[in-house]
>>> print(open('work.cif').read())   # mmCIF, C-alpha atoms
data_query
loop_
_atom_site.label_atom_id
_atom_site.label_comp_id
_atom_site.auth_asym_id
_atom_site.auth_seq_id
_atom_site.Cartn_x
_atom_site.Cartn_y
_atom_site.Cartn_z
CA MET G 1 -15.98 52.36 35.90
CA GLY G 2 -15.83 52.12 39.67
CA THR G 3 -13.31 50.92 42.21
CA LEU G 4 -13.71 47.91 44.49
CA LEU G 5 -11.84 47.95 47.77
CA MET G 6 -11.67 44.59 49.52
CA ILE G 7 -10.99 44.76 53.25
CA GLY G 8 -10.14 41.53 55.01
CA THR G 9 -10.43 41.74 58.77
CA ASN G 10 -10.02 39.41 61.70
CA LYS G 11 -13.80 39.01 61.79
CA GLY G 12 -14.98 39.11 58.22
CA LEU G 13 -14.70 40.61 54.75
CA PHE G 14 -15.92 44.11 53.92
CA LEU G 15 -16.38 45.18 50.31
CA ALA G 16 -16.36 48.91 49.63
CA ARG G 17 -17.19 50.44 46.28
CA SER G 18 -16.67 53.92 44.90
CA ASP G 19 -18.29 55.18 41.72
CA ASP G 20 -17.21 58.80 42.01
CA GLY G 21 -13.50 58.70 41.46
CA ARG G 22 -12.72 57.23 44.90
CA ALA G 23 -14.19 60.25 46.71
CA THR G 24 -16.90 58.39 48.64
CA TRP G 25 -17.43 54.73 49.42
CA SER G 26 -20.37 52.49 50.16
CA ILE G 27 -19.70 49.36 52.16
CA ASP G 28 -21.59 46.06 52.04
CA PRO G 29 -22.72 44.34 55.20
CA VAL G 30 -19.94 42.07 56.42
CA HIS G 31 -19.34 38.89 54.44
CA TYR G 32 -18.34 35.75 56.37
CA PRO G 33 -18.53 37.30 59.84
CA MET G 34 -16.26 35.79 62.48
CA ASN G 35 -13.86 34.47 59.85
CA GLY G 36 -10.36 35.85 59.66
CA VAL G 37 -9.73 36.99 56.08
CA TYR G 38 -5.97 36.86 55.65
CA ALA G 39 -5.92 37.11 51.87
CA VAL G 40 -8.16 38.48 49.19
CA ALA G 41 -7.57 38.92 45.47
CA LEU G 42 -9.49 40.07 42.44
CA ASP G 43 -8.36 38.23 39.32
CA THR G 44 -9.08 40.65 36.51
CA ARG G 45 -7.63 38.32 33.85
CA SER G 46 -10.98 36.60 33.56
CA SER G 47 -14.34 38.05 32.60
CA PRO G 48 -16.17 38.49 34.85
CA PRO G 49 -13.34 39.06 37.32
CA ARG G 50 -13.08 36.42 40.03
CA LEU G 51 -12.85 37.44 43.66
CA HIS G 52 -10.91 35.05 45.90
CA ALA G 53 -10.94 35.14 49.69
CA SER G 54 -9.12 33.08 52.29
CA LEU G 55 -11.26 32.35 55.35
CA THR G 56 -10.18 31.02 58.71
CA SER G 57 -12.72 30.14 61.36
CA SER G 58 -11.25 29.70 64.81
CA HIS G 59 -13.64 26.79 65.28
CA PHE G 60 -14.17 25.29 61.86
CA GLY G 61 -10.82 25.75 60.17
CA PRO G 62 -9.62 27.32 56.94
CA THR G 63 -10.99 27.39 53.42
CA VAL G 64 -10.94 29.48 50.25
CA VAL G 65 -14.03 30.85 48.53
CA THR G 66 -14.63 32.65 45.24
CA SER G 67 -17.21 34.99 43.79
CA ASP G 68 -17.84 35.80 40.12
CA ASP G 69 -20.24 38.66 40.84
CA LEU G 70 -18.14 40.80 43.19
CA GLY G 71 -19.51 39.29 46.36
CA THR G 72 -23.22 38.99 45.62
CA THR G 73 -22.93 35.20 45.68
CA TRP G 74 -20.08 32.95 46.80
CA ASN G 75 -18.81 29.53 45.84
CA GLU G 76 -16.90 26.98 47.83
CA PRO G 77 -15.94 23.70 46.15
CA GLU G 78 -17.23 20.42 47.53
CA ALA G 79 -13.65 19.14 47.81
CA ALA G 80 -11.31 21.18 50.00
CA PRO G 81 -9.67 23.62 47.56
CA VAL G 82 -6.38 23.77 49.52
CA ALA G 83 -5.37 20.71 51.51
CA PHE G 84 -2.08 19.03 52.34
CA PRO G 85 -1.40 15.62 50.79
CA SER G 86 -1.81 12.84 53.34
CA ASP G 87 1.85 11.79 53.23
CA THR G 88 2.93 15.18 54.58
CA GLY G 89 1.15 14.55 57.87
CA GLU G 90 0.21 18.22 57.91
CA ALA G 91 -3.08 20.08 57.92
CA LEU G 92 -3.73 23.51 56.46
CA ARG G 93 -3.89 26.18 59.14
CA ARG G 94 -4.65 29.07 56.82
CA VAL G 95 -4.00 30.54 53.40
CA TRP G 96 -1.94 33.72 53.72
CA ALA G 97 -1.64 34.71 50.08
CA ILE G 98 -3.75 34.33 46.95
CA THR G 99 -1.96 35.53 43.84
CA PRO G 100 -3.18 35.24 40.26
CA GLY G 101 -0.50 34.05 37.86
CA PRO G 102 0.92 36.09 34.99
CA ALA G 103 -1.20 37.07 32.01
CA ALA G 104 0.42 34.36 29.91
CA GLN G 105 -0.99 31.69 32.24
CA PRO G 106 -4.74 32.25 32.45
CA GLY G 107 -6.29 30.02 35.07
CA VAL G 108 -3.14 29.78 37.16
CA VAL G 109 -3.53 31.02 40.74
CA TYR G 110 -1.07 30.56 43.60
CA ALA G 111 -1.82 30.17 47.30
CA GLY G 112 0.75 30.65 50.04
CA ALA G 113 -0.04 28.52 53.06
CA GLU G 114 0.64 27.97 56.73
CA PRO G 115 2.57 25.81 57.44
CA SER G 116 4.96 27.10 54.80
CA ALA G 117 3.93 25.59 51.49
CA LEU G 118 3.04 26.81 48.04
CA PHE G 119 -0.08 25.62 46.23
CA ARG G 120 -0.87 26.07 42.54
CA SER G 121 -4.23 26.06 40.81
CA GLU G 122 -4.74 25.65 37.08
CA ASP G 123 -8.52 26.06 37.17
CA ASN G 124 -8.93 29.63 38.43
CA GLY G 125 -8.76 28.62 42.07
CA ALA G 126 -11.35 25.83 42.12
CA SER G 127 -8.66 23.36 43.23
CA TYR G 128 -5.01 23.64 44.17
CA ALA G 129 -2.14 21.16 44.28
CA MET G 130 0.84 21.50 46.59
CA VAL G 131 4.13 22.38 44.88
CA ARG G 132 6.06 19.34 45.99
CA SER G 133 9.54 20.59 45.10
CA LEU G 134 9.38 23.43 47.63
CA TRP G 135 7.88 21.20 50.31
CA ASP G 136 10.76 18.76 49.76
CA HIS G 137 13.42 21.48 49.98
CA PRO G 138 16.12 20.45 52.47
CA HIS G 139 15.80 23.81 54.21
CA ARG G 140 12.18 23.21 55.19
CA GLU G 141 12.99 21.70 58.55
CA LEU G 142 14.98 24.85 59.34
CA TRP G 143 12.17 27.29 58.63
CA GLY G 144 10.89 28.84 61.83
CA GLU G 145 7.72 30.24 63.22
CA GLY G 146 7.05 33.81 64.26
CA PHE G 147 4.15 34.98 66.37
CA GLY G 148 1.83 34.88 63.38
CA GLY G 149 2.75 31.34 62.44
CA GLN G 150 5.04 29.83 59.81
CA ALA G 151 3.73 30.76 56.41
CA ILE G 152 4.43 31.69 52.84
CA HIS G 153 2.85 35.12 52.73
CA THR G 154 4.23 36.42 49.46
CA VAL G 155 4.06 34.91 45.98
CA LEU G 156 5.41 36.96 43.08
CA PRO G 157 5.10 35.56 39.58
CA ARG G 158 7.34 37.33 37.10
CA PRO G 159 5.27 39.15 34.48
CA ASP G 160 7.77 38.61 31.66
CA ASP G 161 8.69 34.99 32.43
CA PRO G 162 6.02 32.47 33.42
CA ALA G 163 8.71 30.02 34.60
CA ALA G 164 10.06 32.47 37.18
CA LEU G 165 8.50 32.59 40.61
CA LEU G 166 9.51 34.15 43.92
CA VAL G 167 8.08 33.36 47.35
CA ALA G 168 8.81 34.83 50.76
CA MET G 169 8.14 33.27 54.12
CA SER G 170 8.49 34.07 57.79
CA THR G 171 10.87 32.73 58.78
CA GLY G 172 12.98 31.35 56.00
CA GLY G 173 13.16 34.37 53.76
CA VAL G 174 13.08 34.67 49.98
CA TYR G 175 13.20 31.65 47.66
CA ARG G 176 13.16 31.66 43.89
CA SER G 177 12.46 29.20 41.13
CA ALA G 178 13.56 29.77 37.54
CA ASP G 179 12.09 26.52 36.20
CA ALA G 180 8.36 26.75 36.84
CA GLY G 181 8.68 25.53 40.39
CA SER G 182 10.77 22.42 39.76
CA SER G 183 13.62 23.63 41.95
CA TRP G 184 14.12 26.39 44.50
CA SER G 185 17.04 28.36 45.92
CA PRO G 186 17.31 30.88 48.76
CA PHE G 187 17.80 34.51 47.69
CA ASN G 188 18.62 36.27 50.96
CA THR G 189 22.13 37.65 50.43
CA GLY G 190 22.34 41.01 52.17
CA ILE G 191 19.21 40.61 54.30
CA LYS G 192 20.10 40.65 57.97
CA ALA G 193 18.72 38.22 60.53
CA TYR G 194 19.78 40.15 63.64
CA PHE G 195 17.97 37.66 65.86
CA LEU G 196 20.29 34.78 64.92
CA PRO G 197 23.86 34.08 66.12
CA ASP G 198 25.00 34.38 62.49
CA PRO G 199 23.07 37.43 61.29
CA TRP G 200 23.85 36.76 57.61
CA PRO G 201 22.62 33.20 57.05
CA GLU G 202 21.70 31.59 53.77
CA GLN G 203 18.15 31.24 55.07
CA GLY G 204 16.24 32.01 58.24
CA GLN G 205 15.48 35.67 57.60
CA CYS G 206 12.12 36.99 58.76
CA VAL G 207 11.07 38.75 55.56
CA HIS G 208 7.70 40.38 56.11
CA LYS G 209 6.78 41.34 52.55
CA VAL G 210 8.30 41.61 49.07
CA THR G 211 6.96 43.66 46.17
CA ARG G 212 8.09 43.96 42.56
CA ASP G 213 8.85 47.24 40.81
CA ALA G 214 6.34 48.20 38.11
CA ALA G 215 8.90 48.97 35.40
CA ASP G 216 11.83 46.64 36.08
CA PRO G 217 10.95 43.03 36.99
CA ASP G 218 14.47 42.51 38.34
CA ARG G 219 13.91 45.24 40.91
CA LEU G 220 12.34 44.14 44.19
CA TYR G 221 11.65 45.83 47.50
CA ALA G 222 11.51 43.97 50.83
CA GLN G 223 10.33 44.89 54.28
CA ASN G 224 12.18 42.72 56.75
CA HIS G 225 11.87 42.14 60.49
CA HIS G 226 14.02 45.26 60.92
CA GLY G 227 15.50 46.25 57.60
CA VAL G 228 14.11 47.66 54.36
CA TYR G 229 15.89 46.48 51.22
CA ARG G 230 16.03 46.74 47.45
CA SER G 231 17.34 44.23 44.98
CA ASP G 232 18.22 45.21 41.42
CA ASP G 233 19.12 41.70 40.34
CA GLY G 234 15.96 39.72 40.95
CA GLY G 235 16.77 39.01 44.56
CA ALA G 236 20.35 37.75 44.16
CA THR G 237 21.62 40.58 46.37
CA TRP G 238 19.88 43.09 48.60
CA THR G 239 20.96 46.54 49.84
CA SER G 240 19.40 48.72 52.50
CA ILE G 241 17.02 51.52 51.51
CA ALA G 242 16.06 52.32 55.09
CA ASP G 243 18.15 55.45 55.59
CA GLY G 244 15.40 57.85 54.56
CA LEU G 245 12.75 56.21 56.73
CA PRO G 246 12.11 57.06 60.37
CA THR G 247 12.56 53.37 61.29
CA ASP G 248 13.46 50.17 59.51
CA PHE G 249 10.70 48.08 61.10
CA GLY G 250 7.32 47.41 59.58
CA PHE G 251 5.31 44.81 57.78
CA ALA G 252 3.86 46.33 54.63
CA ILE G 253 5.59 47.48 51.45
CA VAL G 254 4.00 47.86 48.04
CA ALA G 255 5.19 49.11 44.66
CA HIS G 256 3.27 51.52 42.47
CA PRO G 257 1.27 49.65 39.82
CA HIS G 258 2.72 51.55 36.82
CA ARG G 259 5.57 53.88 37.76
CA GLY G 260 9.01 52.42 38.16
CA GLY G 261 10.92 53.37 41.28
CA VAL G 262 7.80 54.32 43.24
CA VAL G 263 7.16 52.36 46.43
CA TYR G 264 5.09 52.81 49.61
CA SER G 265 5.79 51.83 53.20
CA TYR G 266 4.06 52.16 56.57
CA PRO G 267 6.87 52.14 59.13
CA ILE G 268 6.42 50.84 62.66
CA GLU G 269 8.64 52.03 65.46
CA ALA G 270 10.36 48.77 66.37
CA ASP G 271 9.96 45.07 67.00
CA GLY G 272 9.34 45.85 70.66
CA MET G 273 7.19 48.97 70.07
CA ARG G 274 4.62 48.26 67.40
CA PHE G 275 3.15 51.71 66.92
CA PRO G 276 3.78 54.22 64.13
CA PRO G 277 6.98 56.23 64.81
CA ASP G 278 6.17 59.12 67.19
CA LYS G 279 2.58 57.76 67.21
CA ARG G 280 2.12 59.60 63.93
CA CYS G 281 -0.01 57.93 61.25
CA ALA G 282 1.83 58.26 57.94
CA VAL G 283 2.52 56.39 54.74
CA TYR G 284 6.00 56.91 53.30
CA ARG G 285 6.59 57.14 49.56
CA SER G 286 9.77 56.91 47.59
CA THR G 287 9.92 57.96 43.95
CA ASP G 288 13.59 57.07 43.54
CA ALA G 289 13.56 53.39 44.42
CA GLY G 290 14.20 53.96 48.10
CA ALA G 291 17.03 56.49 47.94
CA SER G 292 14.77 59.02 49.66
CA TRP G 293 11.35 58.91 51.29
CA GLU G 294 8.63 61.45 52.05
CA ALA G 295 5.94 61.20 54.69
CA LEU G 296 2.37 61.38 53.39
CA SER G 297 -0.16 62.35 56.04
CA ASP G 298 -2.50 64.96 54.54
CA GLY G 299 -5.91 63.85 55.76
CA LEU G 300 -4.65 61.22 58.18
CA PRO G 301 -5.36 61.45 61.92
CA GLY G 302 -3.12 63.46 64.22
CA THR G 303 -1.04 62.23 67.09
CA PRO G 304 -1.23 60.12 69.05
CA TYR G 305 -2.23 57.32 66.70
CA PHE G 306 -1.54 53.74 67.66
CA GLY G 307 -2.65 51.79 64.61
CA ALA G 308 -0.09 49.48 63.02
CA VAL G 309 -0.50 48.15 59.48
CA LEU G 310 0.01 44.44 58.82
CA ARG G 311 1.91 42.99 55.87
CA ASP G 312 -1.01 42.81 53.45
CA ALA G 313 -2.95 45.82 54.71
CA LEU G 314 -1.31 48.34 52.34
CA CYS G 315 -2.08 48.26 48.63
CA THR G 316 -2.64 50.21 45.47
CA ASP G 317 -5.32 49.87 42.85
CA ASP G 318 -4.64 49.59 39.12
CA ALA G 319 -5.96 52.97 37.98
CA GLU G 320 -3.92 55.29 35.76
CA VAL G 321 -3.63 57.72 38.69
CA ALA G 322 -3.14 55.09 41.32
CA GLY G 323 -5.16 54.89 44.48
CA VAL G 324 -3.35 53.86 47.65
CA TYR G 325 -5.08 52.18 50.59
CA PHE G 326 -4.28 50.96 54.06
CA GLY G 327 -6.10 49.48 57.02
CA THR G 328 -4.94 49.42 60.61
CA ARG G 329 -5.15 47.02 63.48
CA ASN G 330 -7.61 49.37 65.15
CA GLY G 331 -10.03 49.05 62.27
CA ASP G 332 -9.53 52.25 60.30
CA VAL G 333 -9.25 52.21 56.52
CA TYR G 334 -7.92 55.15 54.54
CA ALA G 335 -7.78 55.73 50.79
CA SER G 336 -5.81 58.13 48.69
CA PRO G 337 -7.17 58.88 45.20
CA ASP G 338 -3.99 60.71 44.17
CA GLU G 339 -1.07 58.34 44.72
CA GLY G 340 -0.75 59.17 48.40
CA ASP G 341 -0.83 62.97 48.32
CA THR G 342 -4.13 63.22 50.21
CA TRP G 343 -6.13 60.72 52.26
CA ARG G 344 -9.77 60.15 53.14
CA LEU G 345 -11.34 57.87 55.70
CA VAL G 346 -13.19 54.96 54.09
CA ALA G 347 -14.26 53.15 57.24
CA SER G 348 -13.56 53.18 60.95
CA HIS G 349 -14.31 50.95 63.91
CA LEU G 350 -13.98 47.78 61.85
CA PRO G 351 -12.35 44.68 63.34
CA ASP G 352 -8.55 44.73 63.00
CA VAL G 353 -7.63 44.87 59.34
CA LEU G 354 -5.55 41.98 57.99
CA CYS G 355 -5.45 42.81 54.29
CA VAL G 356 -6.67 45.27 51.67
CA ARG G 357 -6.76 44.98 47.88
CA ALA G 358 -8.33 47.30 45.32
CA ALA G 359 -9.03 47.32 41.60
CA GLU G 360 -11.06 49.10 38.99
CA VAL G 361 -14.24 47.19 38.17
CA MET C 1 -31.68 2.16 61.67
CA ALA C 2 -29.50 5.18 61.42
CA VAL C 3 -27.13 7.36 63.35
CA THR C 4 -28.40 10.89 63.90
CA ILE C 5 -25.94 13.76 63.56
CA LEU C 6 -26.97 16.95 65.38
CA VAL C 7 -25.46 19.95 63.62
CA PRO C 8 -24.90 23.36 65.29
CA GLY C 9 -26.44 26.49 63.85
CA ALA C 10 -23.19 27.78 62.41
CA LEU C 11 -22.88 24.74 60.13
CA ARG C 12 -26.47 24.23 59.06
CA GLY C 13 -25.90 26.14 55.84
CA GLU C 14 -23.95 23.11 54.64
CA ILE C 15 -27.02 20.85 54.97
CA ASP C 16 -29.69 23.12 53.56
CA GLY C 17 -30.57 24.64 56.91
CA ARG C 18 -31.45 21.40 58.67
CA SER C 19 -30.48 20.86 62.30
CA GLN C 20 -29.75 17.16 61.89
CA VAL C 21 -29.03 14.50 59.33
CA ASP C 22 -29.19 10.73 59.50
CA VAL C 23 -26.48 8.45 58.16
CA ASP C 24 -26.80 4.76 57.51
CA ALA C 25 -23.54 3.82 59.12
CA HIS C 26 -22.25 2.63 62.42
CA GLY C 27 -19.02 1.32 63.83
CA THR C 28 -16.55 3.94 64.98
CA LEU C 29 -16.77 7.69 64.95
CA ALA C 30 -14.17 7.68 62.17
CA GLU C 31 -16.54 5.64 60.04
CA ILE C 32 -19.38 8.05 60.75
CA LEU C 33 -17.21 11.01 59.79
CA GLY C 34 -16.17 9.12 56.67
CA GLU C 35 -19.82 8.95 55.69
CA LEU C 36 -20.09 12.70 56.24
CA ASP C 37 -16.99 13.15 54.04
CA ALA C 38 -18.74 11.36 51.22
CA ARG C 39 -22.12 13.03 51.51
CA TRP C 40 -21.45 16.50 52.92
CA PRO C 41 -17.74 17.19 52.45
CA ARG C 42 -17.96 20.90 53.31
CA LEU C 43 -19.66 20.04 56.59
CA ALA C 44 -17.18 17.27 57.33
CA ARG C 45 -14.08 19.37 56.86
CA ARG C 46 -15.36 21.88 59.37
CA ILE C 47 -15.41 19.09 61.93
CA HIS C 48 -12.06 17.49 61.11
CA ASP C 49 -8.93 18.47 59.19
CA GLU C 50 -7.44 16.64 56.21
CA ARG C 51 -5.57 14.31 58.57
CA GLY C 52 -8.90 13.25 60.01
CA GLU C 53 -8.26 14.92 63.36
CA ILE C 54 -11.21 16.63 65.02
CA ARG C 55 -10.60 20.36 65.04
CA ARG C 56 -9.34 21.73 68.31
CA TYR C 57 -12.35 23.89 69.06
CA VAL C 58 -15.02 21.48 67.87
CA ASN C 59 -16.49 19.07 70.39
CA VAL C 60 -18.15 15.81 69.39
CA TYR C 61 -20.43 13.88 71.70
CA VAL C 62 -21.67 10.32 71.19
CA ASP C 63 -24.88 9.79 73.13
CA GLY C 64 -23.94 12.74 75.29
CA GLU C 65 -20.35 11.74 76.03
CA ASP C 66 -17.40 13.81 74.86
CA VAL C 67 -15.36 11.59 72.54
CA ARG C 68 -12.15 13.18 73.82
CA ARG C 69 -12.94 11.46 77.14
CA LEU C 70 -13.72 8.23 75.31
CA ASP C 71 -11.65 6.78 72.47
CA GLY C 72 -11.62 9.76 70.12
CA LEU C 73 -12.12 8.71 66.53
CA ALA C 74 -12.19 5.07 67.65
CA THR C 75 -15.21 5.69 69.88
CA PRO C 76 -17.89 3.13 69.07
CA VAL C 77 -21.08 4.53 67.55
CA GLY C 78 -23.90 2.07 67.77
CA VAL C 79 -27.03 1.70 65.72
CA ASN C 80 -29.49 4.50 66.56
CA ALA C 81 -26.79 6.49 68.36
CA GLU C 82 -26.82 10.26 68.44
CA VAL C 83 -23.70 12.20 67.47
CA GLN C 84 -23.77 15.85 68.48
CA ILE C 85 -21.40 18.43 67.05
CA LEU C 86 -20.89 21.57 69.15
CA PRO C 87 -18.43 24.45 68.89
CA SER C 88 -16.45 24.82 72.10
CA VAL C 89 -16.45 27.99 74.18
CA ALA C 90 -13.50 29.52 72.37
CA GLY C 91 -12.87 32.40 70.04
CA GLY C 92 -12.01 36.07 70.16
#
>>> encode(input="work.cif", output="structure tokens")
Amino acid sequence: MGTLLMIGTNKGLFLARSDDGRATWSIDPVHYPMNGVYAVALDTRSSPPRLHASLTSSHFGPTVVTSDDLGTTWNEPEAAPVAFPSDTGEALRRVWAITPGPAAQPGVVYAGAEPSALFRSEDNGASYAMVRSLWDHPHRELWGEGFGGQAIHTVLPRPDDPAALLVAMSTGGVYRSADAGSSWSPFNTGIKAYFLPDPWPEQGQCVHKVTRDAADPDRLYAQNHHGVYRSDDGGATWTSIADGLPTDFGFAIVAHPHRGGVVYSYPIEADGMRFPPDKRCAVYRSTDAGASWEALSDGLPGTPYFGAVLRDALCTDDAEVAGVYFGTRNGDVYASPDEGDTWRLVASHLPDVLCVRAAEV
Amino acid sequence: MAVTILVPGALRGEIDGRSQVDVDAHGTLAEILGELDARWPRLARRIHDERGEIRRYVNVYVDGEDVRRLDGLATPVGVNAEVQILPSVAGG
């Protein structure tokens, strides 16, 4: 069994494979050059696994493609797989998230879109339909746009309840449905929106990423636009877990695939200074659900290092001893085969990295 | 009698590598694009979005004239006209 590392960059998709325990990697020639790859996913529920990639051409617009042979050949449906219904008056700008549904719903795949909308596929990503209830939410006209655009970038199905679904958007924050997407409510209590006159609004937070704990589906971790939080009640309330980090700004946060309470972060100095703190490249790991954090930098470059990590450019794989991966805006990709203890360079001098995902194949 | 669509290199993969296709339609540019929607939908959606609007960094010329300086999607396209699709000088 090998490991596939999918690296989405601003100018194409790179697929790296390791067959020696994640020690060395071979990388394909670039797929879809000059397309921004904001989301990539490997759906291992099906056999063969299906690779999904979101493409955005600055000239020719967005689309979603799939591969059933790990990138040897690609498929794009004749009909646009993700498109806004005509009555919305909107056009898809890009797909920011592709998330396979829970194991109990084979064939279900979610896409988070810009402008902020959720799409659902029931045919393994061949076609998607917009989730109308979220589009019709009365808050929608209040959702704002950051520099990256207004998008749903996080979709978290609940593994033990197919009717439960959480999304996060910038700006707007966290919304949850408990009834298979029929209705939605904001879940932002405790998340600060320091950039608003009322910093504790019902909605309007700029949540950058949310990840779910491996052992407790009610436990969530969120990286906010300043602020790192944990919820132990499925998002109903959030409390800060930033004290042990060098800074509370960043974009990426990801939970360990198997071990409860283990979570990874790549802090950035501040909103107005988007470099690693002290220009030191380091992933931070907590093994106690955010109560304390340790810097992991064995094998990472020394100071000064200027590479920031975007919201989807930090991930784990699904191996028993988890691999951890990140890619930076200056085109470096690092992998850890031992849960973050040590790091090795996978690739450098790539275009700026937008997302990474990895899985055993 | 047909309208000829000249397709840029970046999009020729959607029409089996050809540099042009002919469509048996005329009227307005919208009608020509509608014919592309029906026959080569992947090509068509790279030219216009799902609202029908020509993408910002795609330029369309009818007999050498930029349709943005004419009537946009309502630009008349006569029998035997030539419609040229070109990516604009944009990108990073």
>>> closest_atom_pairs(input="work.cif", of="chain C", to="chain G", cutoff="10 Å", atoms="all atoms listed in the file", output="tab-separated table")
residue	atom	partner	partner_atom	distance
C:Ala10	CA	G:Phe60	CA	9.4
C:Leu11	CA	G:Phe60	CA	8.9
C:Asp37	CA	G:Ala79	CA	9.3
C:Ala38	CA	G:Glu78	CA	9.9
C:Arg39	CA	G:Glu78	CA	9.7
C:Trp40	CA	G:Glu78	CA	7.9
C:Pro41	CA	G:Glu78	CA	5.9
C:Arg42	CA	G:Glu78	CA	5.8
C:Leu43	CA	G:Phe60	CA	9.2
C:Ala44	CA	G:Phe60	CA	9.7
C:Arg45	CA	G:Ala80	CA	7.6
C:Arg46	CA	G:Phe60	CA	4.4
C:Ile47	CA	G:Phe60	CA	6.3
C:His48	CA	G:Phe60	CA	8.1
C:Asp49	CA	G:Ala91	CA	6.2
C:Glu50	CA	G:Ala91	CA	5.8
C:Arg51	CA	G:Ala91	CA	6.3
C:Gly52	CA	G:Ala91	CA	9.2
C:Glu53	CA	G:Ala91	CA	9.1
C:Ile54	CA	G:Phe60	CA	9.7
C:Arg55	CA	G:Phe60	CA	6.9
C:Arg56	CA	G:His59	CA	7.3
C:Tyr57	CA	G:His59	CA	4.9
C:Val58	CA	G:His59	CA	6.1
C:Asn59	CA	G:His59	CA	9.7
C:Leu86	CA	G:His59	CA	9.7
C:Pro87	CA	G:His59	CA	6.4
C:Ser88	CA	G:His59	CA	7.6
C:Val89	CA	G:His59	CA	9.4
C:Ala90	CA	G:His59	CA	7.6
C:Gly91	CA	G:Ser58	CA	6.1
C:Gly92	CA	G:Ser58	CA	8.4
>>> write_last_selection(input="work.cif", atoms="C-alpha atoms", output="mmCIF file, keeping the file's coordinate frame")
data_model
loop_
_atom_site.group_PDB
_atom_site.id
_atom_site.type_symbol
_atom_site.label_atom_id
_atom_site.label_comp_id
_atom_site.auth_asym_id
_atom_site.auth_seq_id
_atom_site.Cartn_x
_atom_site.Cartn_y
_atom_site.Cartn_z
ATOM 1 C CA ALA C 10 -23.190 27.780 62.410
ATOM 2 C CA LEU C 11 -22.880 24.740 60.130
ATOM 3 C CA ASP C 37 -16.990 13.150 54.040
ATOM 4 C CA ALA C 38 -18.740 11.360 51.220
ATOM 5 C CA ARG C 39 -22.120 13.030 51.510
ATOM 6 C CA TRP C 40 -21.450 16.500 52.920
ATOM 7 C CA PRO C 41 -17.740 17.190 52.450
ATOM 8 C CA ARG C 42 -17.960 20.900 53.310
ATOM 9 C CA LEU C 43 -19.660 20.040 56.590
ATOM 10 C CA ALA C 44 -17.180 17.270 57.330
ATOM 11 C CA ARG C 45 -14.080 19.370 56.860
ATOM 12 C CA ARG C 46 -15.360 21.880 59.370
ATOM 13 C CA ILE C 47 -15.410 19.090 61.930
ATOM 14 C CA HIS C 48 -12.060 17.490 61.110
ATOM 15 C CA ASP C 49 -8.930 18.470 59.190
ATOM 16 C CA GLU C 50 -7.440 16.640 56.210
ATOM 17 C CA ARG C 51 -5.570 14.310 58.570
ATOM 18 C CA GLY C 52 -8.900 13.250 60.010
ATOM 19 C CA GLU C 53 -8.260 14.920 63.360
ATOM 20 C CA ILE C 54 -11.210 16.630 65.020
ATOM 21 C CA ARG C 55 -10.600 20.360 65.040
ATOM 22 C CA ARG C 56 -9.340 21.730 68.310
ATOM 23 C CA TYR C 57 -12.350 23.890 69.060
ATOM 24 C CA VAL C 58 -15.020 21.480 67.870
ATOM 25 C CA ASN C 59 -16.490 19.070 70.390
ATOM 26 C CA LEU C 86 -20.890 21.570 69.150
ATOM 27 C CA PRO C 87 -18.430 24.450 68.890
ATOM 28 C CA SER C 88 -16.450 24.820 72.100
ATOM 29 C CA VAL C 89 -16.450 27.990 74.180
ATOM 30 C CA ALA C 90 -13.500 29.520 72.370
ATOM 31 C CA GLY C 91 -12.870 32.400 70.040
ATOM 32 C CA GLY C 92 -12.010 36.070 70.160
#
>>> atom_distance(input="work.cif", atom1="CA of Cys206 in chain G", atom2="CA of Arg259 in chain G")
27.7 Å
>>> resolve_selection(input="work.cif", expression="the PyMOL selection byres ((chain G and resi 283) around 8)", output="number ranges by chain")
G: 264-267, 281-282, 284-285, 295-297, 340
>>> atom_distance(input="work.cif", atom1="CA of Leu118 in chain G", atom2="CA of Ile152 in chain G")
7.0 Å
>>> atom_distance(input="work.cif", atom1="CA of Thr44 in chain G", atom2="CA of Thr66 in chain G")
13.1 Å
>>> residues_around(input="work.cif", residues="His26 in chain C", least_positions_apart="6", cutoff="7 Å", atoms="all atoms listed in the file", output="list in words")
Val3, Ile32, Val77, Gly78 and Val79 of chain C
>>> residues_around(input="work.cif", residues="Asp317 in chain G", least_positions_apart="2", cutoff="8 Å", atoms="all atoms listed in the file", output="JSON, numbers by chain")
{"G": [257, 315, 319, 322, 323, 324, 357, 358, 359, 360]}
>>> residues_around(input="work.cif", residues="Val333 in chain G", least_positions_apart="3", cutoff="12 Å", atoms="all atoms listed in the file", output="number ranges by chain")
G: 5-9, 14-16, 25, 27, 281, 300-301, 307-309, 313-315, 324-330, 336, 343-357
>>> decode(input="work.cif", residues="range 127-138 of chain G", atoms="C-alpha atoms", output="mmCIF file, in the first residue's frame")
data_model
loop_
_atom_site.group_PDB
_atom_site.id
_atom_site.type_symbol
_atom_site.label_atom_id
_atom_site.label_comp_id
_atom_site.auth_asym_id
_atom_site.auth_seq_id
_atom_site.Cartn_x
_atom_site.Cartn_y
_atom_site.Cartn_z
ATOM 1 C CA SER G 127 -23.836 16.244 -10.787
ATOM 2 C CA TYR G 128 -24.705 18.478 -7.873
ATOM 3 C CA ALA G 129 -27.859 20.317 -6.827
ATOM 4 C CA MET G 130 -27.852 23.481 -4.748
ATOM 5 C CA VAL G 131 -29.142 23.090 -1.193
ATOM 6 C CA ARG G 132 -31.979 25.564 -1.442
ATOM 7 C CA SER G 133 -32.712 25.891 2.272
ATOM 8 C CA LEU G 134 -29.302 27.397 3.011
ATOM 9 C CA TRP G 135 -29.452 29.684 -0.011
ATOM 10 C CA ASP G 136 -32.835 30.934 1.222
ATOM 11 C CA HIS G 137 -31.586 31.559 4.764
ATOM 12 C CA PRO G 138 -32.525 35.094 5.852
#
